[in-house]
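Q: For reference, this is upload_10.cif, and it has mmCIF, C-alpha atoms, pLDDT in the B column; chains and numbers go by the auth columns.
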```cif
data_structure
#
loop_
_atom_site.group_PDB
_atom_site.id
_atom_site.type_symbol
_atom_site.label_atom_id
_atom_site.label_comp_id
_atom_site.label_asym_id
_atom_site.label_seq_id
_atom_site.Cartn_x
_atom_site.Cartn_y
_atom_site.Cartn_z
_atom_site.B_iso_or_equiv
_atom_site.auth_seq_id
_atom_site.auth_asym_id
ATOM 1 C CA MET A 1 7.654 7.324 12.297 58.00 93 Q
ATOM 2 C CA GLU A 2 6.694 6.739 8.683 80.00 94 Q
ATOM 3 C CA ASP A 3 8.936 4.118 7.122 91.00 95 Q
ATOM 4 C CA GLN A 4 7.992 3.216 3.578 96.00 96 Q
ATOM 5 C CA LEU A 5 9.559 1.138 0.849 97.00 97 Q
ATOM 6 C CA ILE A 6 9.869 3.264 -2.290 97.00 98 Q
ATOM 7 C CA ILE A 7 10.207 1.458 -5.625 97.00 99 Q
ATOM 8 C CA ALA A 8 10.083 3.358 -8.913 96.00 100 Q
ATOM 9 C CA GLY A 9 8.526 6.333 -7.144 95.00 101 Q
ATOM 10 C CA LYS A 10 5.701 4.373 -5.496 96.00 102 Q
ATOM 11 C CA ALA A 11 5.447 3.930 -1.724 96.00 103 Q
ATOM 12 C CA TYR A 12 4.634 0.643 -0.023 97.00 104 Q
ATOM 13 C CA GLN A 13 3.962 -0.098 3.634 96.00 105 Q
ATOM 14 C CA SER A 14 4.970 -3.771 3.465 97.00 106 Q
ATOM 15 C CA ARG A 15 8.554 -4.844 2.847 98.00 107 Q
ATOM 16 C CA LEU A 16 7.574 -8.434 2.160 98.00 108 Q
ATOM 17 C CA LEU A 17 7.254 -9.347 -1.519 98.00 109 Q
ATOM 18 C CA LEU A 18 5.525 -12.665 -2.103 97.00 110 Q
ATOM 19 C CA GLY A 19 5.572 -15.146 -4.966 94.00 111 Q
ATOM 20 C CA THR A 20 2.603 -17.139 -6.202 93.00 112 Q
ATOM 21 C CA GLY A 21 4.067 -20.470 -7.327 90.00 113 Q
ATOM 22 C CA LYS A 22 3.879 -23.927 -5.699 91.00 114 Q
ATOM 23 C CA TYR A 23 0.709 -23.369 -3.666 92.00 115 Q
ATOM 24 C CA GLN A 24 -1.977 -26.043 -3.414 91.00 116 Q
ATOM 25 C CA ASP A 25 -4.420 -23.983 -5.452 91.00 117 Q
ATOM 26 C CA LEU A 26 -5.399 -20.403 -6.226 91.00 118 Q
ATOM 27 C CA GLN A 27 -7.505 -20.158 -3.082 92.00 119 Q
ATOM 28 C CA GLN A 28 -4.518 -20.958 -0.871 94.00 120 Q
ATOM 29 C CA THR A 29 -2.442 -18.483 -2.874 94.00 121 Q
ATOM 30 C CA GLY A 30 -4.955 -15.735 -2.200 93.00 122 Q
ATOM 31 C CA GLU A 31 -5.197 -16.589 1.503 96.00 123 Q
ATOM 32 C CA ALA A 32 -1.423 -16.558 1.963 96.00 124 Q
ATOM 33 C CA VAL A 33 -1.091 -13.231 0.158 96.00 125 Q
ATOM 34 C CA GLU A 34 -3.855 -11.678 2.246 95.00 126 Q
ATOM 35 C CA VAL A 35 -2.363 -12.814 5.557 97.00 127 Q
ATOM 36 C CA SER A 36 1.178 -11.781 4.583 97.00 128 Q
ATOM 37 C CA GLY A 37 0.200 -8.146 4.169 97.00 129 Q
ATOM 38 C CA SER A 38 2.288 -8.043 0.983 97.00 130 Q
ATOM 39 C CA GLU A 39 1.502 -5.358 -1.557 97.00 131 Q
ATOM 40 C CA ILE A 40 3.878 -6.487 -4.317 97.00 132 Q
ATOM 41 C CA ILE A 41 3.058 -9.947 -5.654 96.00 133 Q
ATOM 42 C CA THR A 42 5.326 -11.584 -8.188 95.00 134 Q
ATOM 43 C CA VAL A 43 3.932 -13.849 -10.910 94.00 135 Q
ATOM 44 C CA ALA A 44 5.902 -16.104 -13.260 92.00 136 Q
ATOM 45 C CA VAL A 45 4.539 -15.202 -16.687 89.00 137 Q
ATOM 46 C CA ARG A 46 5.745 -18.439 -18.310 86.00 138 Q
ATOM 47 C CA ARG A 47 4.077 -20.608 -15.653 85.00 139 Q
ATOM 48 C CA THR A 48 0.987 -18.692 -14.584 85.00 140 Q
ATOM 49 C CA ASN A 49 -2.121 -17.678 -16.486 83.00 141 Q
ATOM 50 C CA LEU A 50 -2.528 -13.914 -16.599 81.00 142 Q
ATOM 51 C CA GLY A 51 -5.066 -14.124 -19.373 76.00 143 Q
ATOM 52 C CA GLN A 52 -2.907 -15.635 -22.096 79.00 144 Q
ATOM 53 C CA ASN A 53 -4.754 -18.970 -21.694 80.00 145 Q
ATOM 54 C CA PRO A 54 -8.502 -18.289 -22.017 82.00 146 Q
ATOM 55 C CA GLY A 55 -10.710 -20.760 -20.188 80.00 147 Q
ATOM 56 C CA GLU A 56 -8.082 -21.623 -17.565 83.00 148 Q
ATOM 57 C CA PRO A 57 -8.041 -20.314 -13.966 84.00 149 Q
ATOM 58 C CA ASN A 58 -6.535 -16.821 -13.929 86.00 150 Q
ATOM 59 C CA ILE A 59 -4.324 -15.670 -11.046 87.00 151 Q
ATOM 60 C CA LEU A 60 -5.932 -12.232 -11.284 88.00 152 Q
ATOM 61 C CA GLU A 61 -9.187 -13.810 -10.052 86.00 153 Q
ATOM 62 C CA VAL A 62 -7.664 -13.959 -6.553 87.00 154 Q
ATOM 63 C CA LEU A 63 -5.203 -11.060 -6.849 90.00 155 Q
ATOM 64 C CA ASP A 64 -6.935 -7.822 -7.702 90.00 156 Q
ATOM 65 C CA PRO A 65 -4.518 -5.535 -9.608 89.00 157 Q
ATOM 66 C CA LYS A 66 -6.327 -2.584 -8.024 90.00 158 Q
ATOM 67 C CA LYS A 67 -5.274 -3.839 -4.585 93.00 159 Q
ATOM 68 C CA TYR A 68 -1.853 -5.322 -5.326 95.00 160 Q
ATOM 69 C CA THR A 69 1.086 -4.377 -7.502 96.00 161 Q
ATOM 70 C CA ILE A 70 1.456 -7.381 -9.785 95.00 162 Q
ATOM 71 C CA LEU A 71 5.132 -7.953 -10.524 96.00 163 Q
ATOM 72 C CA PRO A 72 5.574 -10.139 -13.626 95.00 164 Q
ATOM 73 C CA ASN A 73 8.805 -12.102 -13.531 95.00 165 Q
ATOM 74 C CA THR A 74 10.842 -13.955 -16.114 96.00 166 Q
ATOM 75 C CA ALA A 75 11.333 -17.178 -14.134 94.00 167 Q
ATOM 76 C CA GLY A 76 12.317 -20.023 -16.437 94.00 168 Q
ATOM 77 C CA CYS A 77 14.164 -17.814 -18.914 96.00 169 Q
ATOM 78 C CA TYR A 78 17.749 -18.776 -19.813 97.00 170 Q
ATOM 79 C CA THR A 79 18.525 -16.127 -22.426 97.00 171 Q
ATOM 80 C CA ALA A 80 18.193 -12.371 -22.598 98.00 172 Q
ATOM 81 C CA ASP A 81 15.930 -12.659 -25.647 97.00 173 Q
ATOM 82 C CA ASP A 82 13.472 -14.951 -23.846 97.00 174 Q
ATOM 83 C CA ALA A 83 13.403 -12.668 -20.821 97.00 175 Q
ATOM 84 C CA VAL A 84 12.747 -9.560 -22.899 97.00 176 Q
ATOM 85 C CA ARG A 85 9.934 -11.253 -24.843 97.00 177 Q
ATOM 86 C CA THR A 86 8.364 -12.466 -21.605 96.00 178 Q
ATOM 87 C CA CYS A 87 8.313 -8.943 -20.177 96.00 179 Q
ATOM 88 C CA GLN A 88 6.799 -7.607 -23.379 96.00 180 Q
ATOM 89 C CA LEU A 89 4.053 -10.261 -23.176 93.00 181 Q
ATOM 90 C CA ALA A 90 3.357 -9.280 -19.560 93.00 182 Q
ATOM 91 C CA ARG A 91 3.068 -5.630 -20.556 94.00 183 Q
ATOM 92 C CA GLU A 92 0.443 -6.551 -23.155 92.00 184 Q
ATOM 93 C CA LEU A 93 -1.515 -8.768 -20.751 89.00 185 Q
ATOM 94 C CA LEU A 94 -1.480 -6.145 -17.988 90.00 186 Q
ATOM 95 C CA ASP A 95 -2.464 -3.126 -20.080 89.00 187 Q
ATOM 96 C CA GLY A 96 0.895 -1.426 -20.343 90.00 188 Q
ATOM 97 C CA HIS A 97 2.262 -2.400 -16.909 90.00 189 Q
ATOM 98 C CA ASP A 98 5.979 -1.565 -16.933 95.00 190 Q
ATOM 99 C CA LEU A 99 7.327 -2.767 -13.561 97.00 191 Q
ATOM 100 C CA VAL A 100 8.942 -6.194 -13.991 97.00 192 Q
ATOM 101 C CA LYS A 101 11.243 -8.566 -12.184 98.00 193 Q
ATOM 102 C CA LEU A 102 14.062 -9.746 -14.429 98.00 194 Q
ATOM 103 C CA GLU A 103 15.811 -13.026 -13.907 97.00 195 Q
ATOM 104 C CA VAL A 104 17.928 -14.837 -16.476 97.00 196 Q
ATOM 105 C CA LEU A 105 19.074 -18.217 -15.184 97.00 197 Q
ATOM 106 C CA GLY A 106 22.419 -19.855 -15.866 95.00 198 Q
ATOM 107 C CA ASP A 107 21.544 -23.543 -15.433 92.00 199 Q
ATOM 108 C CA LYS A 108 18.706 -25.754 -14.230 92.00 200 Q
ATOM 109 C CA ARG A 109 20.573 -27.331 -11.326 92.00 201 Q
ATOM 110 C CA THR A 110 21.586 -24.248 -9.347 92.00 202 Q
ATOM 111 C CA LEU A 111 19.211 -21.656 -10.850 93.00 203 Q
ATOM 112 C CA TYR A 112 22.021 -19.160 -10.366 95.00 204 Q
ATOM 113 C CA PRO A 113 21.721 -16.063 -12.532 96.00 205 Q
ATOM 114 C CA ASP A 114 23.567 -15.783 -15.812 97.00 206 Q
ATOM 115 C CA VAL A 115 25.050 -12.377 -15.073 97.00 207 Q
ATOM 116 C CA LYS A 116 26.162 -11.626 -18.647 97.00 208 Q
ATOM 117 C CA GLN A 117 22.710 -12.343 -20.062 97.00 209 Q
ATOM 118 C CA THR A 118 21.089 -10.473 -17.175 98.00 210 Q
ATOM 119 C CA LEU A 119 23.087 -7.342 -18.011 98.00 211 Q
ATOM 120 C CA VAL A 120 22.103 -7.586 -21.668 98.00 212 Q
ATOM 121 C CA ALA A 121 18.409 -8.091 -20.884 98.00 213 Q
ATOM 122 C CA ALA A 122 18.359 -5.326 -18.282 98.00 214 Q
ATOM 123 C CA GLN A 123 19.740 -2.790 -20.751 98.00 215 Q
ATOM 124 C CA GLN A 124 17.263 -3.796 -23.453 98.00 216 Q
ATOM 125 C CA LEU A 125 14.312 -3.582 -21.078 98.00 217 Q
ATOM 126 C CA ILE A 126 15.368 -0.201 -19.679 98.00 218 Q
ATOM 127 C CA ASP A 127 15.786 1.125 -23.219 97.00 219 Q
ATOM 128 C CA ASP A 128 12.255 -0.144 -23.949 97.00 220 Q
ATOM 129 C CA GLY A 129 10.777 1.825 -21.061 97.00 221 Q
ATOM 130 C CA PHE A 130 10.507 -0.910 -18.441 98.00 222 Q
ATOM 131 C CA LYS A 131 11.176 -0.362 -14.747 98.00 223 Q
ATOM 132 C CA VAL A 132 13.412 -3.274 -13.902 98.00 224 Q
ATOM 133 C CA MET A 133 13.821 -5.030 -10.569 98.00 225 Q
ATOM 134 C CA VAL A 134 16.646 -7.477 -11.158 98.00 226 Q
ATOM 135 C CA TYR A 135 17.629 -10.833 -9.629 97.00 227 Q
ATOM 136 C CA THR A 136 21.383 -11.238 -9.488 97.00 228 Q
ATOM 137 C CA SER A 137 24.280 -12.828 -7.654 96.00 229 Q
ATOM 138 C CA ASP A 138 25.600 -11.409 -4.391 96.00 230 Q
ATOM 139 C CA ASP A 139 28.520 -9.749 -6.190 97.00 231 Q
ATOM 140 C CA PRO A 140 28.747 -6.098 -5.048 97.00 232 Q
ATOM 141 C CA ILE A 141 30.359 -5.002 -8.338 97.00 233 Q
ATOM 142 C CA VAL A 142 27.615 -6.510 -10.476 97.00 234 Q
ATOM 143 C CA ALA A 143 24.943 -5.108 -8.172 97.00 235 Q
ATOM 144 C CA LYS A 144 26.341 -1.593 -8.544 98.00 236 Q
ATOM 145 C CA GLU A 145 26.597 -1.951 -12.314 97.00 237 Q
ATOM 146 C CA LEU A 146 22.920 -2.942 -12.525 98.00 238 Q
ATOM 147 C CA GLU A 147 22.007 0.063 -10.404 98.00 239 Q
ATOM 148 C CA ASN A 148 24.077 2.377 -12.582 98.00 240 Q
ATOM 149 C CA MET A 149 22.326 1.032 -15.675 97.00 241 Q
ATOM 150 C CA GLY A 150 19.018 2.233 -14.271 97.00 242 Q
ATOM 151 C CA CYS A 151 17.460 -0.764 -12.513 98.00 243 Q
ATOM 152 C CA VAL A 152 14.942 0.459 -9.926 98.00 244 Q
ATOM 153 C CA ALA A 153 15.808 -2.290 -7.421 98.00 245 Q
ATOM 154 C CA VAL A 154 18.606 -4.840 -7.150 98.00 246 Q
ATOM 155 C CA MET A 155 17.756 -8.284 -5.777 98.00 247 Q
ATOM 156 C CA PRO A 156 20.776 -10.380 -4.762 97.00 248 Q
ATOM 157 C CA LEU A 157 20.228 -14.012 -3.827 96.00 249 Q
ATOM 158 C CA ALA A 158 20.731 -15.118 -0.240 94.00 250 Q
ATOM 159 C CA ALA A 159 21.130 -18.745 -1.336 93.00 251 Q
ATOM 160 C CA PRO A 160 19.980 -20.811 -4.333 92.00 252 Q
ATOM 161 C CA ILE A 161 16.314 -20.429 -5.300 93.00 253 Q
ATOM 162 C CA GLY A 162 14.088 -22.744 -3.284 92.00 254 Q
ATOM 163 C CA SER A 163 16.941 -24.025 -1.105 93.00 255 Q
ATOM 164 C CA GLY A 164 15.770 -22.551 2.208 93.00 256 Q
ATOM 165 C CA LEU A 165 19.397 -22.248 3.319 94.00 257 Q
ATOM 166 C CA GLY A 166 19.088 -18.675 4.556 94.00 258 Q
ATOM 167 C CA ILE A 167 21.673 -15.947 4.022 94.00 259 Q
ATOM 168 C CA ARG A 168 24.943 -17.696 3.178 93.00 260 Q
ATOM 169 C CA ASN A 169 27.073 -14.582 2.689 93.00 261 Q
ATOM 170 C CA PRO A 170 25.837 -11.717 4.857 94.00 262 Q
ATOM 171 C CA TYR A 171 29.065 -9.788 4.299 95.00 263 Q
ATOM 172 C CA ASN A 172 28.485 -9.413 0.571 96.00 264 Q
ATOM 173 C CA ILE A 173 24.882 -8.425 1.190 96.00 265 Q
ATOM 174 C CA ARG A 174 26.096 -5.727 3.589 96.00 266 Q
ATOM 175 C CA MET A 175 28.568 -4.412 1.018 97.00 267 Q
ATOM 176 C CA ILE A 176 25.842 -4.250 -1.609 97.00 268 Q
ATOM 177 C CA ILE A 177 23.552 -2.352 0.773 97.00 269 Q
ATOM 178 C CA GLU A 178 26.227 0.125 1.826 96.00 270 Q
ATOM 179 C CA ASN A 179 27.022 1.053 -1.788 95.00 271 Q
ATOM 180 C CA ALA A 180 23.441 1.228 -3.048 97.00 272 Q
ATOM 181 C CA GLU A 181 21.158 4.156 -3.759 97.00 273 Q
ATOM 182 C CA VAL A 182 18.231 1.986 -4.882 98.00 274 Q
ATOM 183 C CA PRO A 183 16.321 -0.589 -2.804 98.00 275 Q
ATOM 184 C CA ILE A 184 18.173 -3.829 -2.127 98.00 276 Q
ATOM 185 C CA ILE A 185 15.784 -6.743 -1.775 98.00 277 Q
ATOM 186 C CA VAL A 186 17.001 -10.210 -0.854 97.00 278 Q
ATOM 187 C CA ASP A 187 15.609 -12.672 -3.362 95.00 279 Q
ATOM 188 C CA ALA A 188 15.867 -16.464 -3.011 92.00 280 Q
ATOM 189 C CA GLY A 189 17.101 -18.729 -0.244 92.00 281 Q
ATOM 190 C CA VAL A 190 14.939 -17.680 2.708 96.00 282 Q
ATOM 191 C CA GLY A 191 13.612 -20.732 4.553 96.00 283 Q
ATOM 192 C CA THR A 192 11.928 -19.504 7.697 97.00 284 Q
ATOM 193 C CA ALA A 193 11.048 -16.395 9.657 97.00 285 Q
ATOM 194 C CA SER A 194 14.457 -15.991 11.289 97.00 286 Q
ATOM 195 C CA ASP A 195 16.102 -15.822 7.840 97.00 287 Q
ATOM 196 C CA ALA A 196 13.798 -12.978 6.865 97.00 288 Q
ATOM 197 C CA ALA A 197 14.499 -11.143 10.113 97.00 289 Q
ATOM 198 C CA ILE A 198 18.264 -11.460 9.600 97.00 290 Q
ATOM 199 C CA ALA A 199 17.983 -10.020 6.099 97.00 291 Q
ATOM 200 C CA MET A 200 16.129 -7.016 7.447 97.00 292 Q
ATOM 201 C CA GLU A 201 18.544 -6.573 10.356 97.00 293 Q
ATOM 202 C CA LEU A 202 21.374 -6.394 7.807 96.00 294 Q
ATOM 203 C CA GLY A 203 19.652 -3.348 6.343 97.00 295 Q
ATOM 204 C CA CYS A 204 17.893 -4.850 3.323 98.00 296 Q
ATOM 205 C CA ASP A 205 14.943 -2.830 2.097 98.00 297 Q
ATOM 206 C CA GLY A 206 12.800 -5.901 1.661 98.00 298 Q
ATOM 207 C CA VAL A 207 12.679 -9.650 1.100 98.00 299 Q
ATOM 208 C CA LEU A 208 11.089 -11.550 -1.764 97.00 300 Q
ATOM 209 C CA MET A 209 10.117 -15.149 -1.078 97.00 301 Q
ATOM 210 C CA ASN A 210 7.948 -17.919 -2.438 95.00 302 Q
ATOM 211 C CA THR A 211 9.015 -21.466 -1.563 96.00 303 Q
ATOM 212 C CA ALA A 212 9.513 -20.701 2.139 96.00 304 Q
ATOM 213 C CA VAL A 213 5.806 -19.941 2.395 97.00 305 Q
ATOM 214 C CA ALA A 214 4.307 -22.166 -0.296 96.00 306 Q
ATOM 215 C CA GLU A 215 6.119 -25.327 0.817 96.00 307 Q
ATOM 216 C CA ALA A 216 5.634 -24.822 4.547 97.00 308 Q
ATOM 217 C CA LYS A 217 3.364 -27.393 6.205 97.00 309 Q
ATOM 218 C CA ASN A 218 0.928 -24.544 6.817 97.00 310 Q
ATOM 219 C CA PRO A 219 1.577 -21.900 4.156 97.00 311 Q
ATOM 220 C CA VAL A 220 -0.972 -19.402 5.451 97.00 312 Q
ATOM 221 C CA LEU A 221 0.455 -19.550 8.977 98.00 313 Q
ATOM 222 C CA MET A 222 3.990 -19.200 7.603 97.00 314 Q
ATOM 223 C CA ALA A 223 2.885 -16.149 5.611 97.00 315 Q
ATOM 224 C CA SER A 224 1.742 -14.607 8.889 98.00 316 Q
ATOM 225 C CA ALA A 225 5.072 -15.469 10.539 98.00 317 Q
ATOM 226 C CA MET A 226 7.015 -13.893 7.688 98.00 318 Q
ATOM 227 C CA LYS A 227 5.042 -10.677 7.961 98.00 319 Q
ATOM 228 C CA LYS A 228 5.984 -10.376 11.630 98.00 320 Q
ATOM 229 C CA ALA A 229 9.608 -11.324 11.010 98.00 321 Q
ATOM 230 C CA ILE A 230 10.010 -8.646 8.351 98.00 322 Q
ATOM 231 C CA GLU A 231 8.498 -6.021 10.627 97.00 323 Q
ATOM 232 C CA ALA A 232 10.604 -7.074 13.632 97.00 324 Q
ATOM 233 C CA GLY A 233 13.820 -7.196 11.608 98.00 325 Q
ATOM 234 C CA ARG A 234 13.194 -3.755 10.153 98.00 326 Q
ATOM 235 C CA GLU A 235 12.481 -2.241 13.564 97.00 327 Q
ATOM 236 C CA ALA A 236 15.631 -3.837 14.990 97.00 328 Q
ATOM 237 C CA PHE A 237 17.692 -2.364 12.148 97.00 329 Q
ATOM 238 C CA LEU A 238 16.226 1.101 12.694 96.00 330 Q
ATOM 239 C CA ALA A 239 16.694 0.819 16.460 96.00 331 Q
ATOM 240 C CA GLY A 240 20.385 -0.090 16.122 95.00 332 Q
ATOM 241 C CA ARG A 241 21.586 -3.169 17.938 91.00 333 Q
ATOM 242 C CA MET A 242 23.933 -3.058 20.910 91.00 334 Q
ATOM 243 C CA PRO A 243 27.623 -3.688 20.186 91.00 335 Q
ATOM 244 C CA LYS A 244 28.837 -7.254 20.591 89.00 336 Q
ATOM 245 C CA LYS A 245 31.202 -7.818 23.524 90.00 337 Q
ATOM 246 C CA LEU A 246 33.547 -10.645 24.397 90.00 338 Q
ATOM 247 C CA TYR A 247 32.829 -10.546 28.136 91.00 339 Q
ATOM 248 C CA ALA A 248 29.745 -10.118 30.252 88.00 340 Q
ATOM 249 C CA SER A 249 28.299 -6.750 31.139 81.00 341 Q
ATOM 250 C CA ALA A 250 25.926 -6.460 34.097 77.00 342 Q
ATOM 251 C CA SER A 251 22.390 -5.413 33.221 75.00 343 Q
ATOM 252 C CA SER A 252 22.264 -3.366 36.425 69.00 344 Q
ATOM 253 C CA PRO A 253 25.728 -1.786 36.992 66.00 345 Q
ATOM 254 C CA ILE A 254 26.755 -1.150 40.589 63.00 346 Q
ATOM 255 C CA ASP A 255 29.179 1.698 39.843 63.00 347 Q
ATOM 256 C CA GLY A 256 28.533 4.603 42.155 61.00 348 Q
ATOM 257 C CA THR A 257 26.433 2.667 44.673 61.00 349 Q
ATOM 258 C CA PHE A 258 27.238 2.491 48.427 58.00 350 Q
ATOM 259 C CA PHE A 259 26.809 -1.203 49.013 56.00 351 Q
#
```
Show me, as structure tokens, the structure contained in the file I just sent.
A:
Amino acid sequence: MEDQLIIAGKAYQSRLLLGTGKYQDLQQTGEAVEVSGSEIITVAVRRTNLGQNPGEPNILEVLDPKKYTILPNTAGCYTADDAVRTCQLARELLDGHDLVKLEVLGDKRTLYPDVKQTLVAAQQLIDDGFKVMVYTSDDPIVAKELENMGCVAVMPLAAPIGSGLGIRNPYNIRMIIENAEVPIIVDAGVGTASDAAIAMELGCDGVLMNTAVAEAKNPVLMASAMKKAIEAGREAFLAGRMPKKLYASASSPIDGTFF
């Protein structure tokens, strides 16, 4: 059965979106991306050279834009204006590329999104012709508002960025999924493969992660584990889990037997 992730009209086989920060070097970044099977790779424009710094190593040397969808993000932005300018810079550097990941942070300690500034930036970017995938809180009302504005994917956090705490509020994530007509991609908080599998079993369309892979003792091996976890979680969701029961139920019932 064909089961693709569709974002802004484009189909992807992988539901794992991978970040490129915090790796040992560009070579390790490229190896982790390759092993993960990811097709959408997010790059922090304010922290990574996409060509704006001539003479410095360029992330595109290990990530071929013909092979991967490069997803510029606005990590490190704390105002709508900064986020919009960062996306405009990315569009220039990537020859008119219009798919971006928007995040406007509220403070440096929690890295929680500033929802008011996020809404402002999202509207400005959509009006400017961008296709916006947006990082937000796990508030179902805010998530729906961002969808209604025209965001092509909504990306609620599972836990604070880089925390590795896993999904802290699965009930809100479920409510967001049930009310959505665009892809819902968990963004931030995943720590290990089981976290990714749980997100997919909840019905998420994908998971975006960076720190969980980059700060693992063996990032390339963790990238491989995450690929399998995403696939297993998605298959479990599509299969439909058995109902939970308070008491035991025999695997081999004896009803109707003669002994």
Q: Could you jot down the atom CA of Val137 of chain Q to atom CA of Gly111 of chain Q separation for me, Å, one decimal place?
A: 11.8 Å
Q: Just want the 7 Å neighbourhood of Ile277 of chain Q, counted on all atoms listed in the file, with same-chain residues fewer than 5 positions away dropped. Output as a PDB file with C-alpha atoms, keeping the file's coordinate frame.
A:
```pdb
ATOM      1  CA  VAL Q 246      18.606  -4.840  -7.150  1.00 98.00           C
ATOM      2  CA  MET Q 247      17.756  -8.284  -5.777  1.00 98.00           C
ATOM      3  CA  PRO Q 248      20.776 -10.380  -4.762  1.00 97.00           C
ATOM      4  CA  CYS Q 296      17.893  -4.850   3.323  1.00 98.00           C
ATOM      5  CA  ASP Q 297      14.943  -2.830   2.097  1.00 98.00           C
ATOM      6  CA  GLY Q 298      12.800  -5.901   1.661  1.00 98.00           C
ATOM      7  CA  VAL Q 299      12.679  -9.650   1.100  1.00 98.00           C
ATOM      8  CA  LEU Q 300      11.089 -11.550  -1.764  1.00 97.00           C
TER       9      LEU Q 300
END
```
Q: Using all atoms listed in the file, what does the table of segment 105-145 of chain Q residues within 9 Å of segment 323-331 of chain Q look like, with each row giving the shortest atom pair and its distance in Å to one decimal, sorted by chain and ascending number, as a tab-separated table?
A:
```
residue	atom	partner	partner_atom	distance
Q:Ser106	CA	Q:Glu323	CA	8.3
Q:Arg107	CA	Q:Glu323	CA	7.9
Q:Leu108	CA	Q:Glu323	CA	8.9
```
Q: Fewer than 4 positions away in the same chain doesn't count, so skip those; otherwise give me all residues within 8 Å of Val125 of chain Q, counting all atoms listed in the file, as a list in words.
A: Leu110, Thr121, Gly129, Ser130, Ile133 and Ala315 of chain Q
Q: Tell me, as a list in words, which residues lie within 12 Å of segment 219-221 of chain Q, counting all atoms listed in the file; anything in the same chain fewer than 3 positions away does not count.
A: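 So the residues in contact are Val176, Arg177, Cys179, Gln180, Arg183, Gly188, His189, Asp190, Leu191, Val192, Val212, Ala213, Ala214, Gln215, Gln216, Val224, Met241, Gly242, Cys243 and Val244 of chain Q.
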Q: Excluding Gly258 of chain Q and residues on its chain fewer than 3 positions from it, collect all residues at most 8 Å away from it, counting all atoms listed in the file, and give them as a ChimeraX atom specification.
A: /Q:250-251,281-284,287
Q: Check what the PyMOL selection byres ((chain Q and resi 303) around 10) selects in the file above and give those residues as a list in words.
A: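 For this structure, the PyMOL selection byres ((chain Q and resi 303) around 10) resolves to Leu110, Gly111, Thr112, Gly113, Lys114, Tyr115, Ile253, Gly254, Ser255, Gly256, Ala280, Gly281, Val282, Gly283, Thr284, Met301, Asn302, Ala304, Val305, Ala306, Glu307, Ala308 and Pro311 of chain Q.
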Q: Could you dump the residues just selected with C-alpha atoms as a compact mmCIF listing (two decimals), keeping the file's coordinate frame?
A:
```
# COMPACT_ATOMS: atom_id res chain seq x y z
CA LEU Q 110 5.52 -12.66 -2.10
CA GLY Q 111 5.57 -15.15 -4.97
CA THR Q 112 2.60 -17.14 -6.20
CA GLY Q 113 4.07 -20.47 -7.33
CA LYS Q 114 3.88 -23.93 -5.70
CA TYR Q 115 0.71 -23.37 -3.67
CA ILE Q 253 16.31 -20.43 -5.30
CA GLY Q 254 14.09 -22.74 -3.28
CA SER Q 255 16.94 -24.02 -1.10
CA GLY Q 256 15.77 -22.55 2.21
CA ALA Q 280 15.87 -16.46 -3.01
CA GLY Q 281 17.10 -18.73 -0.24
CA VAL Q 282 14.94 -17.68 2.71
CA GLY Q 283 13.61 -20.73 4.55
CA THR Q 284 11.93 -19.50 7.70
CA MET Q 301 10.12 -15.15 -1.08
CA ASN Q 302 7.95 -17.92 -2.44
CA ALA Q 304 9.51 -20.70 2.14
CA VAL Q 305 5.81 -19.94 2.40
CA ALA Q 306 4.31 -22.17 -0.30
CA GLU Q 307 6.12 -25.33 0.82
CA ALA Q 308 5.63 -24.82 4.55
CA PRO Q 311 1.58 -21.90 4.16
```
Q: Under the PyMOL selection byres ((chain Q and resi 138) around 9), which residues of this model are included? Write them out as a ChimeraX atom specification.
A: /Q:135-137,139-141,165-169,178
Q: In Å, how far is it from atom CA of Ile290 of chain Q to atom CA of Arg333 of chain Q?
A: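 Interatomic distance, atom CA of Ile290 of chain Q to atom CA of Arg333 of chain Q: 12.2 Å.
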Q: Report the distance between atom CA of Ile276 of chain Q and atom CA of Ala100 of chain Q in Å, rounded to one decimal place.
A: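 Between atom CA of Ile276 of chain Q and atom CA of Ala100 of chain Q the gap is 12.8 Å.
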Q: Taking into account only C-alpha atoms, which residue in the set Q:Leu211, Q:Met267, Q:Ala291, Q:Val154 is nearest to Thr171 of chain Q?
A: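 Closest to Thr171 of chain Q, using only C-alpha atoms: Q:Leu211.
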Q: Evaluating the PyMOL selection byres ((chain Q and resi 98) around 10) on the displayed file yields which residues, as a ChimeraX atom specification?
A: /Q:95-97,99-105,107,244-245,274-275,297
